[in-house]
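Below: the structure, in C-alpha cells.
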Amino acid sequence: MSEYFYGAGRKVALHRKPVVARLPERRGISTIGRIVKLLVGQGHGFIRMLNDREIYFHRSDVRDRASFNELVVGDAVAFELLEDAVSGARALRVRRRPFR
C-alpha cells in the first residue's frame, strides 16, 4: 500500500476541543391554566387556559420537583406558552401552582 493511503506526510492537527453549537433556549409567554386531560401512559396531557383554549404539554416539560405522574386533572399550573408554526401551541416549563 502506498504512503498516501495511510496518511503518511499529513500534518497532524493540534488537539482542539470540538465546537458544539447550541440552539438558543426556547422561551414562551408566561401564563396559567388548569390540567384538563392527562394521558399518563402516553406521557402527555392538556392544559386549559383562562380563555378556554387547550394547550398540549409533554411529560419532559414538567418542572420544579413536580413529577408528571403526581399531576391530576384540575391542578392549577403555570407554564410558558410557545406558539410553533409547525407543530402548534405547546406548554413549556409546566409547574404546579397553589390553589387560589
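Lettering and numbering for the C-alpha cells are positional, with chains as A, B, ... in the shown order, residues counted from 1 in each chain, and ligands counted from 1 in the shown order.
Residue neighbourhood of A:Asp64, excluding near-sequence residues (fewer than 2 positions): Val62, Ala66, Ser67, Arg93, Val94, Arg95 and Arg96 of chain A, at 10 Å, using only C-alpha atoms.
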Let's have the selection written as a PDB file, in the first residue's frame, with C-alpha atoms.
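Ended up saving to result_21.pdb:
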ATOM      1  CA  VAL A  62     -42.868  19.411  33.840  1.00  0.00           C
ATOM      2  CA  ALA A  66     -43.459  18.060  40.327  1.00  0.00           C
ATOM      3  CA  SER A  67     -43.483  14.621  38.791  1.00  0.00           C
ATOM      4  CA  ARG A  93     -41.713  24.595  31.836  1.00  0.00           C
ATOM      5  CA  VAL A  94     -45.003  23.458  33.410  1.00  0.00           C
ATOM      6  CA  ARG A  95     -45.112  23.817  37.205  1.00  0.00           C
ATOM      7  CA  ARG A  96     -47.867  23.293  39.738  1.00  0.00           C
TER       8      ARG A  96
END
>> When you look at A:Gly88 with a cut-off of 12 Å (counting only C-alpha atoms), what residues show up, excluding the ones that are within fewer than 3 positions of it in the same chain? I need them as a ChimeraX atom specification.
In response: /A:54-57,81-85,91
Closest atom pairs, stretch 41-87 of chain A residues within 7 Å of stretch 27-33 of chain A, only C-alpha atoms, as JSON lines:
{"residue": "A:Ile47", "atom": "CA", "partner": "A:Gly33", "partner_atom": "CA", "distance": 6.0}
{"residue": "A:Arg48", "atom": "CA", "partner": "A:Gly33", "partner_atom": "CA", "distance": 5.4}
{"residue": "A:Met49", "atom": "CA", "partner": "A:Gly33", "partner_atom": "CA", "distance": 4.3}
{"residue": "A:Leu50", "atom": "CA", "partner": "A:Gly33", "partner_atom": "CA", "distance": 6.0}
{"residue": "A:Ala76", "atom": "CA", "partner": "A:Gly33", "partner_atom": "CA", "distance": 5.9}
{"residue": "A:Val77", "atom": "CA", "partner": "A:Gly33", "partner_atom": "CA", "distance": 5.5}
{"residue": "A:Ala78", "atom": "CA", "partner": "A:Ile32", "partner_atom": "CA", "distance": 4.3}
{"residue": "A:Phe79", "atom": "CA", "partner": "A:Thr31", "partner_atom": "CA", "distance": 5.6}
{"residue": "A:Glu80", "atom": "CA", "partner": "A:Ser30", "partner_atom": "CA", "distance": 4.4}
{"residue": "A:Leu81", "atom": "CA", "partner": "A:Gly28", "partner_atom": "CA", "distance": 4.8}
{"residue": "A:Leu82", "atom": "CA", "partner": "A:Gly28", "partner_atom": "CA", "distance": 4.5}
Go ahead and save the picked residues with N, CA and C atoms, as a compact mmCIF listing (two decimals), in the first residue's frame.
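Result file follows (part_27.txt):
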# COMPACT_ATOMS: atom_id res chain seq x y z
N ILE A 47 -53.67 21.38 28.94
CA ILE A 47 -53.96 22.43 29.91
C ILE A 47 -54.98 23.37 29.28
N ARG A 48 -56.01 23.74 30.05
CA ARG A 48 -56.98 24.72 29.56
C ARG A 48 -56.61 26.08 30.13
N MET A 49 -56.41 27.03 29.23
CA MET A 49 -56.09 28.39 29.63
C MET A 49 -57.37 29.10 30.07
N LEU A 50 -57.24 30.30 30.61
CA LEU A 50 -58.38 31.08 31.08
C LEU A 50 -59.36 31.42 29.95
N ALA A 76 -53.96 23.41 39.19
CA ALA A 76 -53.62 24.72 38.63
C ALA A 76 -52.13 24.71 38.31
N VAL A 77 -51.78 25.19 37.13
CA VAL A 77 -50.39 25.19 36.69
C VAL A 77 -50.02 26.53 36.06
N ALA A 78 -48.74 26.84 36.13
CA ALA A 78 -48.17 27.98 35.41
C ALA A 78 -47.25 27.38 34.35
N PHE A 79 -47.15 28.03 33.21
CA PHE A 79 -46.33 27.50 32.13
C PHE A 79 -45.97 28.61 31.16
N GLU A 80 -45.10 28.28 30.22
CA GLU A 80 -44.75 29.21 29.15
C GLU A 80 -45.39 28.70 27.87
N LEU A 81 -46.19 29.54 27.25
CA LEU A 81 -46.89 29.19 26.02
C LEU A 81 -45.99 29.48 24.83
N LEU A 82 -45.70 28.43 24.06
CA LEU A 82 -44.87 28.58 22.87
C LEU A 82 -45.73 28.31 21.64
> atom CA of A:Asp75 to atom CA of A:Ala89: how many Å, to one decimal?
Replying inline: 19.9 Å
>> Quick one: residues within 9 Å of A:Gly45, only C-alpha atoms, excluding same-chain residues fewer than 3 positions away - as a PyMOL selection string?
In response: chain A and resi 35-40+42+55-59
DSSP strand (DSSP E or B) residues within stretch 31-68 of chain A, listed as a PDB file with N, CA and C atoms, in the first residue's frame:
ATOM      1  N   THR A  31     -47.976  32.143  31.381  1.00  0.00           N
ATOM      2  CA  THR A  31     -49.428  32.139  31.555  1.00  0.00           C
ATOM      3  C   THR A  31     -49.831  31.050  32.546  1.00  0.00           C
ATOM      4  N   ILE A  32     -51.117  30.966  32.839  1.00  0.00           N
ATOM      5  CA  ILE A  32     -51.612  29.983  33.803  1.00  0.00           C
ATOM      6  C   ILE A  32     -52.809  29.239  33.217  1.00  0.00           C
ATOM      7  N   GLY A  33     -53.143  28.116  33.850  1.00  0.00           N
ATOM      8  CA  GLY A  33     -54.294  27.337  33.421  1.00  0.00           C
ATOM      9  C   GLY A  33     -54.504  26.164  34.358  1.00  0.00           C
ATOM     10  N   ARG A  34     -55.376  25.236  33.944  1.00  0.00           N
ATOM     11  CA  ARG A  34     -55.660  24.029  34.728  1.00  0.00           C
ATOM     12  C   ARG A  34     -55.528  22.810  33.827  1.00  0.00           C
ATOM     13  N   ILE A  35     -55.038  21.735  34.405  1.00  0.00           N
ATOM     14  CA  ILE A  35     -54.920  20.488  33.660  1.00  0.00           C
ATOM     15  C   ILE A  35     -56.324  19.929  33.443  1.00  0.00           C
ATOM     16  N   VAL A  36     -56.651  19.614  32.180  1.00  0.00           N
ATOM     17  CA  VAL A  36     -57.974  19.079  31.869  1.00  0.00           C
ATOM     18  C   VAL A  36     -57.923  17.648  31.352  1.00  0.00           C
ATOM     19  N   LYS A  37     -56.748  17.198  30.909  1.00  0.00           N
ATOM     20  CA  LYS A  37     -56.633  15.836  30.403  1.00  0.00           C
ATOM     21  C   LYS A  37     -55.205  15.352  30.606  1.00  0.00           C
ATOM     22  N   LEU A  38     -55.064  14.130  31.138  1.00  0.00           N
ATOM     23  CA  LEU A  38     -53.754  13.504  31.309  1.00  0.00           C
ATOM     24  C   LEU A  38     -53.780  12.126  30.669  1.00  0.00           C
ATOM     25  N   LEU A  39     -52.838  11.863  29.815  1.00  0.00           N
ATOM     26  CA  LEU A  39     -52.671  10.552  29.202  1.00  0.00           C
ATOM     27  C   LEU A  39     -51.342  10.009  29.722  1.00  0.00           C
ATOM     28  N   HIS A  44     -48.260  12.551  28.042  1.00  0.00           N
ATOM     29  CA  HIS A  44     -48.606  13.940  27.740  1.00  0.00           C
ATOM     30  C   HIS A  44     -49.998  14.265  28.263  1.00  0.00           C
ATOM     31  N   GLY A  45     -50.346  15.547  28.172  1.00  0.00           N
ATOM     32  CA  GLY A  45     -51.646  15.993  28.645  1.00  0.00           C
ATOM     33  C   GLY A  45     -52.005  17.328  28.025  1.00  0.00           C
ATOM     34  N   PHE A  46     -53.113  17.900  28.527  1.00  0.00           N
ATOM     35  CA  PHE A  46     -53.588  19.171  28.001  1.00  0.00           C
ATOM     36  C   PHE A  46     -53.953  20.102  29.145  1.00  0.00           C
ATOM     37  N   ILE A  47     -53.668  21.376  28.943  1.00  0.00           N
ATOM     38  CA  ILE A  47     -53.958  22.431  29.911  1.00  0.00           C
ATOM     39  C   ILE A  47     -54.976  23.368  29.280  1.00  0.00           C
ATOM     40  N   ARG A  48     -56.010  23.736  30.045  1.00  0.00           N
ATOM     41  CA  ARG A  48     -56.979  24.718  29.560  1.00  0.00           C
ATOM     42  C   ARG A  48     -56.610  26.080  30.131  1.00  0.00           C
ATOM     43  N   MET A  49     -56.409  27.028  29.229  1.00  0.00           N
ATOM     44  CA  MET A  49     -56.090  28.394  29.632  1.00  0.00           C
ATOM     45  C   MET A  49     -57.368  29.104  30.072  1.00  0.00           C
ATOM     46  N   GLU A  54     -57.164  24.946  24.746  1.00  0.00           N
ATOM     47  CA  GLU A  54     -56.432  23.810  25.297  1.00  0.00           C
ATOM     48  C   GLU A  54     -55.054  23.714  24.658  1.00  0.00           C
ATOM     49  N   ILE A  55     -54.042  23.530  25.510  1.00  0.00           N
ATOM     50  CA  ILE A  55     -52.647  23.526  25.092  1.00  0.00           C
ATOM     51  C   ILE A  55     -52.008  22.190  25.458  1.00  0.00           C
ATOM     52  N   TYR A  56     -51.277  21.611  24.523  1.00  0.00           N
ATOM     53  CA  TYR A  56     -50.568  20.351  24.711  1.00  0.00           C
ATOM     54  C   TYR A  56     -49.333  20.549  25.588  1.00  0.00           C
ATOM     55  N   PHE A  57     -49.008  19.545  26.429  1.00  0.00           N
ATOM     56  CA  PHE A  57     -47.713  19.523  27.111  1.00  0.00           C
ATOM     57  C   PHE A  57     -47.210  18.092  27.200  1.00  0.00           C
ATOM     58  N   HIS A  58     -45.895  17.941  27.218  1.00  0.00           N
ATOM     59  CA  HIS A  58     -45.242  16.633  27.308  1.00  0.00           C
ATOM     60  C   HIS A  58     -44.656  16.468  28.699  1.00  0.00           C
ATOM     61  N   VAL A  62     -42.446  19.170  32.456  1.00  0.00           N
ATOM     62  CA  VAL A  62     -42.868  19.411  33.840  1.00  0.00           C
ATOM     63  C   VAL A  62     -41.632  19.749  34.665  1.00  0.00           C
TER      64      VAL A  62
END
